[in-house]
Amino acid sequence: MDLIATGLGHAYDGLTVLDDISLTVASGEIVALLGPSGCGKSTLLRMLGGLERPVTGRVEMRGAPPAASLNPLTYVFQDFALVPWRTVAGNVALPLEHHRLGAAERARRVAEALARVGLSDFASAYPRQLSGGMKQRTAIARAFAVEPAVLLMDEPLSALDAQTRDLLIEDLVRLWTETRFTAVYVTHNVAEAVRLGHRVVVLSRRPGRIRAVVEIAEPLDRRREGSPALGAAREQIWELVRGEAAAADREMVHG
Ligand SMILES: Nc1ncnc2c1ncn2[C@@H]1O[C@H](COP(=O)(O)OP(=O)(O)OP(=O)(O)O)[C@@H](O)[C@H]1O
């Protein structure tokens, strides 16, 4: 299933935050949305997922979601959004409870999702017992349990330390290689965008407009930190964002 946004614009109380965003996310593709703080990335993601209605433009889904999909669009958030009194398995099962599934099918989906992220041995643990990386793996497993057509990821690694981030990036690359999931991946981190994005959509500062779309041909599983192909993409994107990032930073400080 493809996700197609056409001419999206949005404003809050007269403040324009997004302007004329047209974007197609093709099935099996990870699109990284990169832009400075406050440029409207999260707003755009919410509109892509139908959580917020754009002031102008529209979002369409083309084609059928995977046969086993329970929710075509599912989010993964920066703060994990786990329920503290539920176990890892209980958290992964949560979105399944809104669907008519037999107990065996529910258990199968939970077990498979936990296996995909390497958490089978932690099914009975509670979130407070987990590291940040394991919490986010749990949230990713919960998203996978519904077999979404498109995964909407809002800075999913921002709350993690650098080493954990690297491990999670490797996990996401492996998961993509195994399942070819489709995702929109919001980040303000250029390195993350070039490691995970088949295409990197570079947004301007507020109001967010598409400044450039950078395609990275190197297969995800061959991308390495410091490789020449990634280095070139990183430089190209950094040239595009550096001025905007500095201006956005000043804007945040001075209001
Ligand atoms: N519900 C809301 N009501 C009013 N203003 C909002 C609302 N949500 C976001 N904004 C404003 O819209 C702008 C874009 O916010 P958004 O969170 O989409 O940006 P972002 O690029 O995701 O930012 P960051 O990288 O800092 O998370 C910001 O100026 C923000 O303050």
# chains A, B, ... in the order shown; residues from 1 in each chain; ligands from 1

$ residues_near_ligand --ligand "ligand 1" --cutoff "10 Å" --atoms "only C-alpha atoms and all ligand atoms" --output "PyMOL selection string"
chain A and resi 10-18+33-47+52+78+154-155+186-189+203-208+248+251-252

$ write_last_selection --atoms "N, CA and C atoms" --output "tab-separated table (two decimals), in the first residue's frame"
chain	number	residue	atom	x	y	z
A	10	HIS	N	-0.81	23.28	6.94
A	10	HIS	CA	-1.45	23.29	8.26
A	10	HIS	C	-1.06	24.55	9.02
A	11	ALA	N	-1.97	24.99	9.89
A	11	ALA	CA	-1.71	26.16	10.73
A	11	ALA	C	-2.34	25.93	12.10
A	12	TYR	N	-1.70	26.49	13.12
A	12	TYR	CA	-2.28	26.49	14.47
A	12	TYR	C	-2.53	27.94	14.84
A	13	ASP	N	-3.74	28.30	15.13
A	13	ASP	CA	-4.08	29.68	15.54
A	13	ASP	C	-3.43	30.72	14.62
A	14	GLY	N	-3.53	30.50	13.33
A	14	GLY	CA	-3.00	31.48	12.39
A	14	GLY	C	-1.51	31.33	12.12
A	15	LEU	N	-0.82	30.46	12.84
A	15	LEU	CA	0.62	30.26	12.61
A	15	LEU	C	0.78	29.10	11.63
A	16	THR	N	1.28	29.43	10.42
A	16	THR	CA	1.43	28.37	9.41
A	16	THR	C	2.61	27.50	9.78
A	17	VAL	N	2.40	26.18	9.89
A	17	VAL	CA	3.50	25.29	10.28
A	17	VAL	C	3.93	24.38	9.12
A	18	LEU	N	3.05	24.15	8.17
A	18	LEU	CA	3.42	23.33	7.01
A	18	LEU	C	2.82	23.95	5.77
A	33	LEU	N	12.01	11.76	7.17
A	33	LEU	CA	11.60	13.18	7.14
A	33	LEU	C	12.54	13.92	8.06
A	34	LEU	N	13.34	14.79	7.48
A	34	LEU	CA	14.38	15.47	8.26
A	34	LEU	C	14.13	16.97	8.24
A	35	GLY	N	14.21	17.57	9.40
A	35	GLY	CA	14.05	19.02	9.44
A	35	GLY	C	14.35	19.54	10.82
A	36	PRO	N	14.58	20.85	10.93
A	36	PRO	CA	14.94	21.42	12.22
A	36	PRO	C	13.77	21.42	13.20
A	37	SER	N	14.08	21.65	14.46
A	37	SER	CA	13.05	21.68	15.51
A	37	SER	C	11.94	22.63	15.13
A	38	GLY	N	10.72	22.18	15.33
A	38	GLY	CA	9.57	23.06	15.14
A	38	GLY	C	9.14	23.27	13.70
A	39	CYS	N	9.72	22.51	12.76
A	39	CYS	CA	9.37	22.74	11.34
A	39	CYS	C	8.09	22.03	10.95
A	40	GLY	N	7.53	21.25	11.85
A	40	GLY	CA	6.24	20.63	11.55
A	40	GLY	C	6.32	19.15	11.23
A	41	LYS	N	7.43	18.49	11.58
A	41	LYS	CA	7.59	17.07	11.25
A	41	LYS	C	6.52	16.20	11.94
A	42	SER	N	6.35	16.44	13.25
A	42	SER	CA	5.37	15.62	13.98
A	42	SER	C	3.96	15.91	13.48
A	43	THR	N	3.71	17.18	13.17
A	43	THR	CA	2.38	17.54	12.63
A	43	THR	C	2.14	16.79	11.32
A	44	LEU	N	3.16	16.78	10.48
A	44	LEU	CA	3.03	16.08	9.19
A	44	LEU	C	2.77	14.59	9.40
A	45	LEU	N	3.48	14.00	10.36
A	45	LEU	CA	3.30	12.57	10.62
A	45	LEU	C	1.87	12.29	11.13
A	46	ARG	N	1.39	13.19	12.00
A	46	ARG	CA	0.02	13.01	12.51
A	46	ARG	C	-1.00	13.12	11.38
A	47	MET	N	-0.73	13.99	10.42
A	47	MET	CA	-1.67	14.12	9.30
A	47	MET	C	-1.59	12.89	8.39
A	52	GLU	N	-4.65	14.00	12.65
A	52	GLU	CA	-4.95	15.42	12.54
A	52	GLU	C	-5.34	15.71	11.10
A	78	GLN	N	8.68	8.59	20.35
A	78	GLN	CA	9.96	8.78	21.03
A	78	GLN	C	9.94	8.28	22.48
A	154	ASP	N	8.06	8.52	15.01
A	154	ASP	CA	8.35	9.90	15.37
A	154	ASP	C	9.57	9.97	16.29
A	155	GLU	N	10.71	10.27	15.72
A	155	GLU	CA	11.98	10.33	16.47
A	155	GLU	C	12.12	9.16	17.44
A	186	VAL	N	10.58	10.04	11.14
A	186	VAL	CA	10.88	11.45	11.45
A	186	VAL	C	12.12	11.55	12.31
A	187	THR	N	13.01	12.44	11.92
A	187	THR	CA	14.22	12.64	12.72
A	187	THR	C	14.78	14.04	12.47
A	188	HIS	N	15.57	14.54	13.42
A	188	HIS	CA	16.32	15.76	13.09
A	188	HIS	C	17.81	15.42	13.00
A	189	ASN	N	18.10	14.11	12.96
A	189	ASN	CA	19.47	13.64	12.98
A	189	ASN	C	19.88	13.16	11.57
A	203	LEU	N	13.12	19.05	5.03
A	203	LEU	CA	12.15	20.14	5.20
A	203	LEU	C	12.86	21.42	5.63
A	204	SER	N	12.28	22.55	5.22
A	204	SER	CA	12.80	23.85	5.67
A	204	SER	C	12.30	24.10	7.09
A	205	ARG	N	12.82	25.16	7.70
A	205	ARG	CA	12.25	25.50	9.01
A	205	ARG	C	10.86	26.05	8.81
A	206	ARG	N	10.16	26.26	9.93
A	206	ARG	CA	8.75	26.60	9.87
A	206	ARG	C	8.48	27.84	9.02
A	207	PRO	N	7.49	27.86	8.17
A	207	PRO	CA	6.61	26.74	7.87
A	207	PRO	C	7.34	25.69	7.03
A	208	GLY	N	7.23	24.43	7.45
A	208	GLY	CA	7.93	23.35	6.78
A	208	GLY	C	7.50	23.20	5.32
A	248	ALA	N	16.69	28.03	13.09
A	248	ALA	CA	15.62	27.48	13.94
A	248	ALA	C	16.04	27.52	15.40
A	251	GLU	N	15.64	30.93	16.69
A	251	GLU	CA	14.21	31.23	16.83
A	251	GLU	C	13.66	30.65	18.13
A	252	MET	N	14.11	29.43	18.47
A	252	MET	CA	13.62	28.79	19.68
A	252	MET	C	14.07	29.60	20.91

$ select_by_dssp --residues "segment 203-235 of chain A" --states "strand (DSSP E or B)" --output "list in words"
Leu203, Gly208, Ile210, Arg211, Ala212, Val213, Val214 and Glu215 of chain A

$ residues_around --residues "Ala217 of chain A" --least-positions-apart "5" --cutoff "10 Å" --atoms "only C-alpha atoms" --output "PyMOL selection string"
chain A and resi 197-199+223+229-230+233

$ select_by_dssp --residues "segment 55-211 of chain A" --states "alpha helix (DSSP H)" --output "MDAnalysis selection string"
chainID A and resid 88:93 103:116 132:145 162:179 190:196

$ atom_distance --atom1 "atom CA of Pro127 of chain A" --atom2 "atom CA of Ala103 of chain A"
23.2 Å

$ atom_distance --atom1 "atom CA of Thr24 of chain A" --atom2 "atom CA of Ser158 of chain A"
25.0 Å

$ atom_distance --atom1 "atom CA of Glu235 of chain A" --atom2 "atom CA of Val31 of chain A"
18.3 Å

$ closest_residue --among "A:Met153, A:Val146, A:Val92, A:Leu8" --to "Asp79 of chain A" --atoms "only C-alpha atoms"
A:Met153

$ residues_around --residues "segment 166-172 of chain A" --least-positions-apart "6" --cutoff "10 Å" --atoms "only C-alpha atoms" --output "PyMOL selection string"
chain A and resi 116-118+133-134+136-137+140+156-157+160+178+181+192+195-196+220-221+225

$ closest_residue --among "A:Ala145, A:Leu73, A:Ile210, A:Ala64" --to "Leu96 of chain A" --atoms "only C-alpha atoms"
A:Ala145

$ residues_around --residues "Met1 of chain A" --least-positions-apart "3" --cutoff "9 Å" --atoms "only C-alpha atoms" --output "PDB file with N, CA and C atoms, in the first residue's frame"
ATOM      1  N   VAL A  25       4.844   7.789  -0.321  1.00  0.00           N
ATOM      2  CA  VAL A  25       5.633   6.754   0.350  1.00  0.00           C
ATOM      3  C   VAL A  25       5.239   5.443  -0.305  1.00  0.00           C
ATOM      4  N   ALA A  26       6.170   4.851  -1.044  1.00  0.00           N
ATOM      5  CA  ALA A  26       5.841   3.627  -1.776  1.00  0.00           C
ATOM      6  C   ALA A  26       5.992   2.413  -0.873  1.00  0.00           C
ATOM      7  N   SER A  27       5.228   1.403  -1.158  1.00  0.00           N
ATOM      8  CA  SER A  27       5.283   0.172  -0.380  1.00  0.00           C
ATOM      9  C   SER A  27       6.719  -0.372  -0.323  1.00  0.00           C
ATOM     10  N   GLY A  28       7.171  -0.728   0.864  1.00  0.00           N
ATOM     11  CA  GLY A  28       8.504  -1.309   1.016  1.00  0.00           C
ATOM     12  C   GLY A  28       9.622  -0.284   1.154  1.00  0.00           C
ATOM     13  N   MET A  61      -4.584   6.608   0.654  1.00  0.00           N
ATOM     14  CA  MET A  61      -3.888   5.321   0.623  1.00  0.00           C
ATOM     15  C   MET A  61      -4.226   4.667  -0.708  1.00  0.00           C
ATOM     16  N   ARG A  62      -3.203   4.188  -1.391  1.00  0.00           N
ATOM     17  CA  ARG A  62      -3.453   3.517  -2.680  1.00  0.00           C
ATOM     18  C   ARG A  62      -3.019   2.064  -2.579  1.00  0.00           C
ATOM     19  N   GLY A  63      -3.912   1.187  -2.991  1.00  0.00           N
ATOM     20  CA  GLY A  63      -3.600  -0.239  -2.927  1.00  0.00           C
ATOM     21  C   GLY A  63      -4.055  -0.811  -1.597  1.00  0.00           C
ATOM     22  N   ALA A  64      -4.030  -2.128  -1.518  1.00  0.00           N
ATOM     23  CA  ALA A  64      -4.535  -2.802  -0.315  1.00  0.00           C
ATOM     24  C   ALA A  64      -3.408  -2.985   0.700  1.00  0.00           C
ATOM     25  N   PRO A  65      -3.744  -2.879   1.992  1.00  0.00           N
ATOM     26  CA  PRO A  65      -2.741  -3.221   3.007  1.00  0.00           C
ATOM     27  C   PRO A  65      -2.451  -4.720   2.980  1.00  0.00           C
ATOM     28  N   PRO A  66      -1.371  -5.186   3.624  1.00  0.00           N
ATOM     29  CA  PRO A  66      -1.096  -6.627   3.659  1.00  0.00           C
ATOM     30  C   PRO A  66      -2.300  -7.385   4.226  1.00  0.00           C
ATOM     31  N   PRO A  72      -3.913  -0.288   9.233  1.00  0.00           N
ATOM     32  CA  PRO A  72      -3.029   0.090   8.123  1.00  0.00           C
ATOM     33  C   PRO A  72      -1.901   1.021   8.560  1.00  0.00           C
ATOM     34  N   ALA A 149       0.441  -1.461   7.361  1.00  0.00           N
ATOM     35  CA  ALA A 149       0.914  -1.232   5.998  1.00  0.00           C
ATOM     36  C   ALA A 149       2.029  -0.199   6.016  1.00  0.00           C
ATOM     37  N   VAL A 150       1.867   0.815   6.872  1.00  0.00           N
ATOM     38  CA  VAL A 150       2.899   1.852   6.988  1.00  0.00           C
ATOM     39  C   VAL A 150       3.129   2.144   8.467  1.00  0.00           C
ATOM     40  N   THR A 182       7.177  -0.772   5.380  1.00  0.00           N
ATOM     41  CA  THR A 182       7.098   0.579   4.824  1.00  0.00           C
ATOM     42  C   THR A 182       7.049   1.546   5.997  1.00  0.00           C
TER      43      THR A 182
END

$ closest_residue --among "A:Ile30, A:Ala141, A:Val213, A:Ala193" --to "Ser120 of chain A" --atoms "only C-alpha atoms"
A:Ala141

$ residues_around --residues "Ala81 of chain A" --least-positions-apart "4" --cutoff "10 Å" --atoms "only C-alpha atoms" --output "list of chain:residue names"
A:Val76, A:Phe77, A:Asn91, A:Lys135, A:Gln136, A:Thr138, A:Ala139

$ write_last_selection --atoms "C-alpha atoms" --output "PDB file, in the first residue's frame"
ATOM      1  CA  VAL A  76       6.082   4.440  17.196  1.00  0.00           C
ATOM      2  CA  PHE A  77       6.800   7.403  19.488  1.00  0.00           C
ATOM      3  CA  ASN A  91       1.918  -4.159  26.001  1.00  0.00           C
ATOM      4  CA  LYS A 135      11.455  -0.355  25.930  1.00  0.00           C
ATOM      5  CA  GLN A 136      11.657   0.932  22.388  1.00  0.00           C
ATOM      6  CA  THR A 138       8.799  -3.434  22.923  1.00  0.00           C
ATOM      7  CA  ALA A 139       7.075  -0.468  21.285  1.00  0.00           C
TER       8      ALA A 139
END

$ closest_residue --among "A:Arg234, A:Arg209, A:Arg242, A:Arg100" --to "Ala191 of chain A" --atoms "only C-alpha atoms"
A:Arg234

$ residues_around --residues "Arg86 of chain A" --least-positions-apart "2" --cutoff "9 Å" --atoms "only C-alpha atoms" --output "PyMOL selection string"
chain A and resi 82-84+88-91+124-127

$ decode --residues "segment 93-115 of chain A" --atoms "N, CA and C atoms" --output "PDB file, in the first residue's frame"
ATOM      1  N   ALA A  93       0.342  -6.938  23.220  1.00  0.00           N
ATOM      2  CA  ALA A  93      -1.009  -7.444  22.935  1.00  0.00           C
ATOM      3  C   ALA A  93      -2.054  -6.329  22.890  1.00  0.00           C
ATOM      4  N   LEU A  94      -1.713  -5.182  23.484  1.00  0.00           N
ATOM      5  CA  LEU A  94      -2.716  -4.111  23.659  1.00  0.00           C
ATOM      6  C   LEU A  94      -3.488  -3.763  22.374  1.00  0.00           C
ATOM      7  N   PRO A  95      -2.816  -3.439  21.270  1.00  0.00           N
ATOM      8  CA  PRO A  95      -3.603  -3.047  20.087  1.00  0.00           C
ATOM      9  C   PRO A  95      -4.401  -4.207  19.502  1.00  0.00           C
ATOM     10  N   LEU A  96      -4.034  -5.432  19.853  1.00  0.00           N
ATOM     11  CA  LEU A  96      -4.754  -6.596  19.312  1.00  0.00           C
ATOM     12  C   LEU A  96      -6.113  -6.756  19.992  1.00  0.00           C
ATOM     13  N   GLU A  97      -6.211  -6.135  21.189  1.00  0.00           N
ATOM     14  CA  GLU A  97      -7.450  -6.305  21.955  1.00  0.00           C
ATOM     15  C   GLU A  97      -8.618  -5.534  21.351  1.00  0.00           C
ATOM     16  N   HIS A  98      -8.310  -4.623  20.425  1.00  0.00           N
ATOM     17  CA  HIS A  98      -9.387  -3.895  19.744  1.00  0.00           C
ATOM     18  C   HIS A  98      -9.910  -4.677  18.546  1.00  0.00           C
ATOM     19  N   HIS A  99      -9.373  -5.868  18.339  1.00  0.00           N
ATOM     20  CA  HIS A  99      -9.765  -6.658  17.163  1.00  0.00           C
ATOM     21  C   HIS A  99     -10.288  -8.012  17.606  1.00  0.00           C
ATOM     22  N   ARG A 100     -11.201  -8.536  16.805  1.00  0.00           N
ATOM     23  CA  ARG A 100     -11.745  -9.862  17.113  1.00  0.00           C
ATOM     24  C   ARG A 100     -10.747 -10.909  16.660  1.00  0.00           C
ATOM     25  N   LEU A 101      -9.947 -11.367  17.585  1.00  0.00           N
ATOM     26  CA  LEU A 101      -8.962 -12.406  17.269  1.00  0.00           C
ATOM     27  C   LEU A 101      -9.122 -13.518  18.298  1.00  0.00           C
ATOM     28  N   GLY A 102      -8.914 -14.739  17.877  1.00  0.00           N
ATOM     29  CA  GLY A 102      -8.898 -15.840  18.833  1.00  0.00           C
ATOM     30  C   GLY A 102      -7.664 -15.740  19.718  1.00  0.00           C
ATOM     31  N   ALA A 103      -7.720 -16.394  20.871  1.00  0.00           N
ATOM     32  CA  ALA A 103      -6.593 -16.334  21.808  1.00  0.00           C
ATOM     33  C   ALA A 103      -5.315 -16.867  21.168  1.00  0.00           C
ATOM     34  N   ALA A 104      -5.437 -17.916  20.360  1.00  0.00           N
ATOM     35  CA  ALA A 104      -4.246 -18.520  19.752  1.00  0.00           C
ATOM     36  C   ALA A 104      -3.610 -17.558  18.752  1.00  0.00           C
ATOM     37  N   GLU A 105      -4.448 -16.898  17.951  1.00  0.00           N
ATOM     38  CA  GLU A 105      -3.930 -15.949  16.957  1.00  0.00           C
ATOM     39  C   GLU A 105      -3.278 -14.758  17.657  1.00  0.00           C
ATOM     40  N   ARG A 106      -3.905 -14.302  18.745  1.00  0.00           N
ATOM     41  CA  ARG A 106      -3.327 -13.184  19.496  1.00  0.00           C
ATOM     42  C   ARG A 106      -1.957 -13.599  20.050  1.00  0.00           C
ATOM     43  N   ALA A 107      -1.901 -14.770  20.639  1.00  0.00           N
ATOM     44  CA  ALA A 107      -0.633 -15.236  21.227  1.00  0.00           C
ATOM     45  C   ALA A 107       0.425 -15.416  20.134  1.00  0.00           C
ATOM     46  N   ARG A 108       0.007 -15.899  18.980  1.00  0.00           N
ATOM     47  CA  ARG A 108       0.955 -16.097  17.878  1.00  0.00           C
ATOM     48  C   ARG A 108       1.558 -14.760  17.433  1.00  0.00           C
ATOM     49  N   ARG A 109       0.678 -13.755  17.306  1.00  0.00           N
ATOM     50  CA  ARG A 109       1.164 -12.445  16.866  1.00  0.00           C
ATOM     51  C   ARG A 109       2.131 -11.838  17.884  1.00  0.00           C
ATOM     52  N   VAL A 110       1.780 -11.972  19.170  1.00  0.00           N
ATOM     53  CA  VAL A 110       2.651 -11.409  20.216  1.00  0.00           C
ATOM     54  C   VAL A 110       4.007 -12.119  20.187  1.00  0.00           C
ATOM     55  N   ALA A 111       3.977 -13.455  20.122  1.00  0.00           N
ATOM     56  CA  ALA A 111       5.225 -14.221  20.149  1.00  0.00           C
ATOM     57  C   ALA A 111       6.088 -13.886  18.929  1.00  0.00           C
ATOM     58  N   GLU A 112       5.439 -13.771  17.780  1.00  0.00           N
ATOM     59  CA  GLU A 112       6.202 -13.482  16.562  1.00  0.00           C
ATOM     60  C   GLU A 112       6.817 -12.081  16.617  1.00  0.00           C
ATOM     61  N   ALA A 113       6.027 -11.125  17.103  1.00  0.00           N
ATOM     62  CA  ALA A 113       6.541  -9.748  17.168  1.00  0.00           C
ATOM     63  C   ALA A 113       7.702  -9.666  18.155  1.00  0.00           C
ATOM     64  N   LEU A 114       7.588 -10.342  19.297  1.00  0.00           N
ATOM     65  CA  LEU A 114       8.677 -10.312  20.277  1.00  0.00           C
ATOM     66  C   LEU A 114       9.924 -10.996  19.720  1.00  0.00           C
ATOM     67  N   ALA A 115       9.725 -12.091  18.991  1.00  0.00           N
ATOM     68  CA  ALA A 115      10.871 -12.784  18.403  1.00  0.00           C
ATOM     69  C   ALA A 115      11.581 -11.875  17.394  1.00  0.00           C
TER      70      ALA A 115
END
